[in-house]
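Working notes for the structure below.
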Amino acid sequence: MNLKDIKKEFPIFSNKVHNNDLVYLDSANSSQKPLVVVDRIYDFYTKEFSNVGRSVHYLAVAATNLYENTRSSVQKYINAKDKNEIVFTKGATEAINLVANSFGQKYLKEGDEVLLTELEHHSNYVPWHYLRKSKGIKIEFAEINENGEVTLDSIEKKITKKTKIIAITHLSNVTGAILPVKEIIKLAHSKGIPVLIDGCQSAPHLKLDMQDLDCDFYAISCHKMYGPTGLGILYAKKKWLEELPPYQGGGGMINEVKKESISYGDLPNKFEAGTMATAQVIAFDESIKFLNKIGIENIVKHENELMDYGQELLRRNNSVTLIGNPKNKGAVLSFTMKDIHPHDIATILDEDGVAIRAGHHCCQILHDKLGLAATARASLGVYNTKDDLDQLNSSINKCKKIFE
Ligand SMILES: Cc1ncc(COP(=O)(O)O)c(C=O)c1O
């Protein structure tokens with residue numbers, strides 16, 4: 001698939017925003033959806049709909065097969081060893097809550113430490129905070145350096161004999177820093193500590209290989225991968241899924257229910273309670289096909305080129321201060337402008353059809369550390385072009401003039 005024409009695959013780009021072409025620079029928040037994904041949802045509901053894993057009629061069996069096909073596609077996409085290591089959740093947030101709850105319930109006690117970083121999204125902090133409240137665990141934070149990175153060294157400094165799990169982002173949604181997760185996992189495992197990776201920002205932009213990474217848990221957000229909302233993935237090593245107690249109880253996750261006892265279903269059903277996001281799972285198979293058709297290597301190359309171009313443009317723009325300067329950086333450009341609130345920047349850019357995000361991006365700990373209440377953030381996806389970045393820069397210049 002030619003990346004030059006990729007915008008045509010996304011119906012949203014045929015609409016105007018305030019009479020302008022849409023320049024969508026908010027993919028770190030959520031990506032736009034290609035027509036194949038939207039069509040798949042429509043087709044499923046109009047021609048194939050049934051709940052999965054329950055009835056034996058034609059539609060139910062067919063829907064269950066489609067649902068399980070997506071699980072196999074995800075397994076291949078992230079190179080997991082076993083298809084049953086893929087658990088569908090309602091988002092990455094639920095995937096992390098699942099681990100914090102189930103792991104916390106079984107393995108954490110008062111005084112135990114969970115090691116996070118200062119870069120974490122609230123989704124990878126608040127669930128651990130609950131355990132601090134309920135169980136008296138301690139939360140430690142590996143610090144960022146002046147480039148907005150977290151190094152192996154900074155992780156190592158915070159590991160103690162009480163560290164029971166390390167939960168860290170793969171790619172920061174603010175500074176764009178890509179963490180040396182493989183080395184961190186190796187170090188953690190040498191000390192017998194399991195690692196959860198928040199892969200929300202990495203999964204749409206980097207090649208993933210669970211077996212090579214050797215991580216214990218990896219959380220993915222499907223709506224950032226050109227897929228539907230209401231869907232996430234927890235990859236977990238089989239041994240953990242076998243050992244951990246279920247997160248939620250309900251239909252579909254049990255084997256046998258008696259008045260006095262319950263036994264749980266096989267993996268991964270044990271972790272998929274109740275009616276799941278059936279249409280979203282089935283449509284997500286199209287997102288994976290879409291990503292495979294372009295090829296992750298081409299996506300990485302395209303986004304890196306855009307990233308370099310965008311960084312250079314904004315560096316040369318003396319009204320802009322870029323946030324973070326990591327050596328290994330993903331498709332995120334966070335910035336501030338002197339004396340202009342990020343919300344004003346975003347509102348003025350919006351008049352030109354330029355969609356960015358402003359705020360703390362669910363990373364208040366990081367913003368506190370940076371001494372900022374908010375930042376503006378332009379983030380990239382496969383559909384972006386150099387023209388989009390030129391428009392960003394010229395709308396920033398317009399914004400500067402308004403405040404002069
Ligand atoms: C780094 C990071 N972690 C977690 C999340 C939460 O993901 P979800 O929306 O799938 O719950 C996000 C979404 O913004 C994110 O950027």
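Residue numbering restarts at 1 in every chain; chains get A, B, ... in the order shown in the structure tokens, and ligands count up from 1 in that same order.
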
Worksheet item: Could you name the residues that touch range 363-370 of chain A at 12 Å or less, counting only C-alpha atoms, but leaving out those on the same chain fewer than 4 positions away, as JSON, numbers by chain?
Response: {"A": [116, 117, 118, 119, 120, 121, 122, 123, 124, 125, 126, 141, 142, 143, 144, 145, 146, 147, 148, 149, 150, 169, 172, 173, 174, 175, 323, 324, 334, 335, 336, 358, 359, 374, 375, 376]}

Fill in: Protein and nucleic acid residues within 9 Å of ligand 1 (only C-alpha atoms and all ligand atoms) as a VMD selection string
chain A and resid 28 to 30 89 to 96 119 to 124 169 to 174 198 to 202 219 to 224 229 to 233 361 to 363

Restricting the output to N, CA and C atoms, write the selected residues as a tab-separated table (two decimals), in the first residue's frame.
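Wrote selection.tsv, looks like this:
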```
chain	number	residue	atom	x	y	z
A	28	ALA	N	-1.86	10.16	19.07
A	28	ALA	CA	-1.44	9.57	20.35
A	28	ALA	C	-2.64	9.48	21.29
A	29	ASN	N	-3.62	10.33	21.05
A	29	ASN	CA	-4.86	10.31	21.81
A	29	ASN	C	-5.73	9.17	21.29
A	30	SER	N	-6.04	9.23	20.01
A	30	SER	CA	-6.73	8.13	19.34
A	30	SER	C	-6.55	8.31	17.85
A	89	THR	N	-9.60	-6.87	26.45
A	89	THR	CA	-10.08	-6.02	27.55
A	89	THR	C	-10.80	-4.82	26.92
A	90	LYS	N	-11.32	-3.94	27.76
A	90	LYS	CA	-12.02	-2.80	27.14
A	90	LYS	C	-11.06	-1.66	26.76
A	91	GLY	N	-9.83	-1.78	27.13
A	91	GLY	CA	-8.82	-0.80	26.77
A	91	GLY	C	-7.52	-1.16	27.47
A	92	ALA	N	-6.48	-0.38	27.20
A	92	ALA	CA	-5.21	-0.62	27.90
A	92	ALA	C	-5.40	-0.35	29.39
A	93	THR	N	-6.26	0.62	29.70
A	93	THR	CA	-6.52	0.94	31.10
A	93	THR	C	-7.02	-0.30	31.84
A	94	GLU	N	-7.96	-1.00	31.23
A	94	GLU	CA	-8.47	-2.21	31.90
A	94	GLU	C	-7.40	-3.29	31.96
A	95	ALA	N	-6.56	-3.38	30.93
A	95	ALA	CA	-5.49	-4.38	30.94
A	95	ALA	C	-4.56	-4.15	32.14
A	96	ILE	N	-4.23	-2.89	32.40
A	96	ILE	CA	-3.32	-2.58	33.52
A	96	ILE	C	-4.03	-2.79	34.85
A	119	LEU	N	7.34	9.08	33.85
A	119	LEU	CA	6.69	9.32	32.55
A	119	LEU	C	5.30	8.72	32.47
A	120	GLU	N	4.89	7.97	33.50
A	120	GLU	CA	3.69	7.15	33.34
A	120	GLU	C	2.40	7.94	33.14
A	121	HIS	N	1.56	7.39	32.28
A	121	HIS	CA	0.18	7.83	32.08
A	121	HIS	C	-0.60	7.45	33.34
A	122	HIS	N	-1.64	8.21	33.66
A	122	HIS	CA	-2.43	7.91	34.87
A	122	HIS	C	-2.94	6.48	34.88
A	123	SER	N	-3.15	5.91	33.69
A	123	SER	CA	-3.60	4.51	33.60
A	123	SER	C	-2.60	3.54	34.20
A	124	ASN	N	-1.34	3.94	34.23
A	124	ASN	CA	-0.32	3.08	34.82
A	124	ASN	C	0.18	3.66	36.14
A	169	THR	N	6.21	2.53	30.90
A	169	THR	CA	5.79	2.78	29.52
A	169	THR	C	6.90	2.38	28.55
A	170	HIS	N	6.49	2.00	27.34
A	170	HIS	CA	7.48	1.69	26.29
A	170	HIS	C	7.87	2.98	25.57
A	171	LEU	N	6.84	3.84	25.34
A	171	LEU	CA	7.07	5.09	24.59
A	171	LEU	C	6.24	6.18	25.27
A	172	SER	N	6.90	7.22	25.73
A	172	SER	CA	6.18	8.27	26.47
A	172	SER	C	5.22	9.04	25.57
A	173	ASN	N	4.00	9.24	26.04
A	173	ASN	CA	3.02	9.99	25.25
A	173	ASN	C	3.23	11.50	25.36
A	174	VAL	N	4.27	11.93	26.10
A	174	VAL	CA	4.55	13.37	26.19
A	174	VAL	C	5.91	13.71	25.58
A	198	ASP	N	3.54	-0.74	29.47
A	198	ASP	CA	2.40	-0.03	28.90
A	198	ASP	C	2.79	0.28	27.45
A	199	GLY	N	2.22	-0.49	26.53
A	199	GLY	CA	2.60	-0.36	25.12
A	199	GLY	C	1.62	0.45	24.29
A	200	CYS	N	0.83	1.30	24.95
A	200	CYS	CA	-0.18	2.07	24.22
A	200	CYS	C	0.39	2.88	23.07
A	201	GLN	N	1.51	3.55	23.34
A	201	GLN	CA	2.07	4.44	22.31
A	201	GLN	C	3.04	3.73	21.39
A	202	SER	N	3.58	2.61	21.83
A	202	SER	CA	4.55	1.89	20.99
A	202	SER	C	3.86	0.99	19.98
A	219	ALA	N	0.48	-4.13	27.74
A	219	ALA	CA	-0.87	-3.58	27.56
A	219	ALA	C	-0.94	-2.77	26.26
A	220	ILE	N	-2.00	-3.02	25.50
A	220	ILE	CA	-2.17	-2.39	24.18
A	220	ILE	C	-3.55	-1.75	24.07
A	221	SER	N	-3.58	-0.62	23.39
A	221	SER	CA	-4.83	0.12	23.19
A	221	SER	C	-5.20	0.03	21.70
A	222	CYS	N	-6.30	-0.65	21.37
A	222	CYS	CA	-6.61	-0.89	19.95
A	222	CYS	C	-7.07	0.38	19.22
A	223	HIS	N	-7.69	1.31	19.97
A	223	HIS	CA	-8.18	2.51	19.28
A	223	HIS	C	-7.07	3.44	18.85
A	224	LYS	N	-5.83	3.17	19.30
A	224	LYS	CA	-4.69	3.97	18.81
A	224	LYS	C	-4.01	3.25	17.64
A	229	THR	N	-12.86	1.79	19.22
A	229	THR	CA	-12.77	2.12	20.65
A	229	THR	C	-13.38	0.96	21.45
A	230	GLY	N	-13.17	1.00	22.76
A	230	GLY	CA	-13.75	-0.03	23.63
A	230	GLY	C	-13.02	-1.34	23.58
A	231	LEU	N	-11.78	-1.31	23.09
A	231	LEU	CA	-11.02	-2.56	22.98
A	231	LEU	C	-9.54	-2.36	23.32
A	232	GLY	N	-9.05	-3.25	24.15
A	232	GLY	CA	-7.63	-3.27	24.46
A	232	GLY	C	-7.16	-4.70	24.51
A	233	ILE	N	-5.86	-4.86	24.68
A	233	ILE	CA	-5.30	-6.21	24.74
A	233	ILE	C	-4.34	-6.29	25.91
A	361	HIS	N	-2.16	15.61	29.38
A	361	HIS	CA	-2.11	14.34	28.66
A	361	HIS	C	-2.14	13.14	29.61
A	362	CYS	N	-2.86	13.30	30.73
A	362	CYS	CA	-2.96	12.23	31.75
A	362	CYS	C	-1.58	11.91	32.33
A	363	CYS	N	-0.69	12.89	32.36
A	363	CYS	CA	0.64	12.69	32.93
A	363	CYS	C	0.95	13.87	33.85
```

Practice prompt. Could you please write out, as a count of residues only, every residue of range 111-239 of chain A that DSSP assigns to alpha helix (DSSP H)?
Written response: 33

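Near Ile139 in chain A, within 7 Å and counting only C-alpha atoms, sit Glu113, Val114 and Leu115 of chain A, not including residues fewer than 4 positions from it in the same chain.
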
Worksheet item: Could you pull out the strand (DSSP E) residues of range 74-249 of chain A from DSSP and send them as a VMD selection string?
Response: chain A and resid 86 to 89 113 to 117 138 to 142 163 to 169 195 to 198 217 to 221 232 to 236

Those residues you just picked out, can you put them in a file as a PDB file, in the first residue's frame with C-alpha atoms?
```pdb
ATOM      1  CA  ILE A  86      -3.910 -12.723  24.390  1.00  0.00           C
ATOM      2  CA  VAL A  87      -6.701 -11.384  26.621  1.00  0.00           C
ATOM      3  CA  PHE A  88      -9.222  -8.898  25.222  1.00  0.00           C
ATOM      4  CA  THR A  89     -10.083  -6.018  27.545  1.00  0.00           C
ATOM      5  CA  GLU A 113       7.381  -1.812  46.283  1.00  0.00           C
ATOM      6  CA  VAL A 114       6.071  -1.256  42.766  1.00  0.00           C
ATOM      7  CA  LEU A 115       8.473   0.609  40.495  1.00  0.00           C
ATOM      8  CA  LEU A 116       7.028   3.011  37.917  1.00  0.00           C
ATOM      9  CA  THR A 117       8.625   5.959  36.107  1.00  0.00           C
ATOM     10  CA  LYS A 138       4.896   1.681  48.235  1.00  0.00           C
ATOM     11  CA  ILE A 139       5.214   3.245  44.790  1.00  0.00           C
ATOM     12  CA  GLU A 140       8.665   4.284  43.606  1.00  0.00           C
ATOM     13  CA  PHE A 141       9.362   6.391  40.522  1.00  0.00           C
ATOM     14  CA  ALA A 142      12.435   6.092  38.294  1.00  0.00           C
ATOM     15  CA  THR A 163      10.581  -4.345  44.432  1.00  0.00           C
ATOM     16  CA  LYS A 164       7.913  -6.859  43.435  1.00  0.00           C
ATOM     17  CA  ILE A 165       6.969  -5.621  39.963  1.00  0.00           C
ATOM     18  CA  ILE A 166       8.165  -2.959  37.500  1.00  0.00           C
ATOM     19  CA  ALA A 167       5.442  -1.250  35.427  1.00  0.00           C
ATOM     20  CA  ILE A 168       6.703   1.174  32.788  1.00  0.00           C
ATOM     21  CA  THR A 169       5.794   2.781  29.520  1.00  0.00           C
ATOM     22  CA  VAL A 195       7.737  -6.431  34.221  1.00  0.00           C
ATOM     23  CA  LEU A 196       4.572  -4.890  32.816  1.00  0.00           C
ATOM     24  CA  ILE A 197       4.984  -2.671  29.778  1.00  0.00           C
ATOM     25  CA  ASP A 198       2.400  -0.027  28.897  1.00  0.00           C
ATOM     26  CA  PHE A 217       2.731  -8.307  30.652  1.00  0.00           C
ATOM     27  CA  TYR A 218       2.164  -5.898  27.756  1.00  0.00           C
ATOM     28  CA  ALA A 219      -0.870  -3.583  27.556  1.00  0.00           C
ATOM     29  CA  ILE A 220      -2.169  -2.390  24.178  1.00  0.00           C
ATOM     30  CA  SER A 221      -4.825   0.121  23.186  1.00  0.00           C
ATOM     31  CA  GLY A 232      -7.626  -3.266  24.456  1.00  0.00           C
ATOM     32  CA  ILE A 233      -5.302  -6.210  24.743  1.00  0.00           C
ATOM     33  CA  LEU A 234      -3.399  -7.665  27.609  1.00  0.00           C
ATOM     34  CA  TYR A 235      -0.555  -9.908  26.556  1.00  0.00           C
ATOM     35  CA  ALA A 236       0.554 -11.994  29.529  1.00  0.00           C
TER      36      ALA A 236
END
```

Counting only C-alpha atoms, which residues of range 175-267 of chain A sit at most 6 Å from some atom of range 58-80 of chain A, and what is each one's closest atom pair with its distance in Å to one decimal, listed by chain and rising residue number, as CSV?
```
residue,atom,partner,partner_atom,distance
A:Leu208,CA,A:Ile78,CA,5.0
A:Asp209,CA,A:Asn79,CA,4.9
A:Met210,CA,A:Ala80,CA,5.2
A:Gln211,CA,A:Ala80,CA,5.9
```

Written selection (N, CA and C atoms) as an mmCIF file, in the first residue's frame:
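Generated output (result_5.cif):
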```cif
data_model
loop_
_atom_site.group_PDB
_atom_site.id
_atom_site.type_symbol
_atom_site.label_atom_id
_atom_site.label_comp_id
_atom_site.auth_asym_id
_atom_site.auth_seq_id
_atom_site.Cartn_x
_atom_site.Cartn_y
_atom_site.Cartn_z
ATOM 1 N N LEU A 208 6.638 -5.036 17.289
ATOM 2 C CA LEU A 208 6.536 -5.687 18.605
ATOM 3 C C LEU A 208 6.865 -7.167 18.500
ATOM 4 N N ASP A 209 7.589 -7.646 19.485
ATOM 5 C CA ASP A 209 7.944 -9.065 19.516
ATOM 6 C C ASP A 209 7.998 -9.505 20.981
ATOM 7 N N MET A 210 6.906 -10.093 21.435
ATOM 8 C CA MET A 210 6.809 -10.455 22.859
ATOM 9 C C MET A 210 7.874 -11.473 23.259
ATOM 10 N N GLN A 211 8.147 -12.419 22.350
ATOM 11 C CA GLN A 211 9.114 -13.457 22.730
ATOM 12 C C GLN A 211 10.518 -12.885 22.834
#
```

Discussion item. As an exercise, work out the distance from CA of Asp266 in chain A to CA of Ile282 in chain A in Å and give it to one decimal place.
Written reply: 21.1 Å

Fill in: Non-local contacts of range 314-317 of chain A (10 Å; only C-alpha atoms; under 2 positions in same chain excluded) as a count of residues only
17

Item to complete: Do a neighbour search on Phe103 in chain A at 9 Å with only C-alpha atoms, toss out local chain neighbours closer than 6 positions, and write the hits as a ChimeraX atom specification.
Response: /A:240,244-245

Prev. selection, N, CA and C atoms, output as a CSV table (one decimal), in the first residue's frame:
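Dumped everything to again.csv:
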```csv
chain,number,residue,atom,x,y,z
A,240,TRP,N,1.7,-16.6,34.0
A,240,TRP,CA,1.0,-15.6,34.9
A,240,TRP,C,-0.5,-15.8,34.8
A,244,LEU,N,-2.5,-16.3,38.2
A,244,LEU,CA,-3.2,-15.1,38.7
A,244,LEU,C,-4.7,-15.5,38.9
A,245,PRO,N,-5.3,-14.9,39.9
A,245,PRO,CA,-6.8,-15.0,40.0
A,245,PRO,C,-7.5,-14.2,39.0
```

Discussion item. My list of candidates is A:Pro11, A:Glu272, A:Glu303, A:Lys158. Which is closest to Gly53 in chain A when distances are computed with only C-alpha atoms?
Written reply: A:Glu272

Discussion item. What's around Leu349 in chain A at 9 Å? Count only C-alpha atoms, leave out sequence neighbours fewer than 2 positions away in its own chain, and write the answer as a ChimeraX atom specification.
Written reply: /A:344-347,351-356,392,395-396,398-399

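For the atom pair formed by CA of Ser263 in chain A and CA of Leu241 in chain A, the distance is 14.8 Å, given to one decimal.
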
Item to complete: Quote the spacing between CA of Ile6 in chain A and CA of Lys207 in chain A in Å to one decimal place.
Response: 19.8 Å
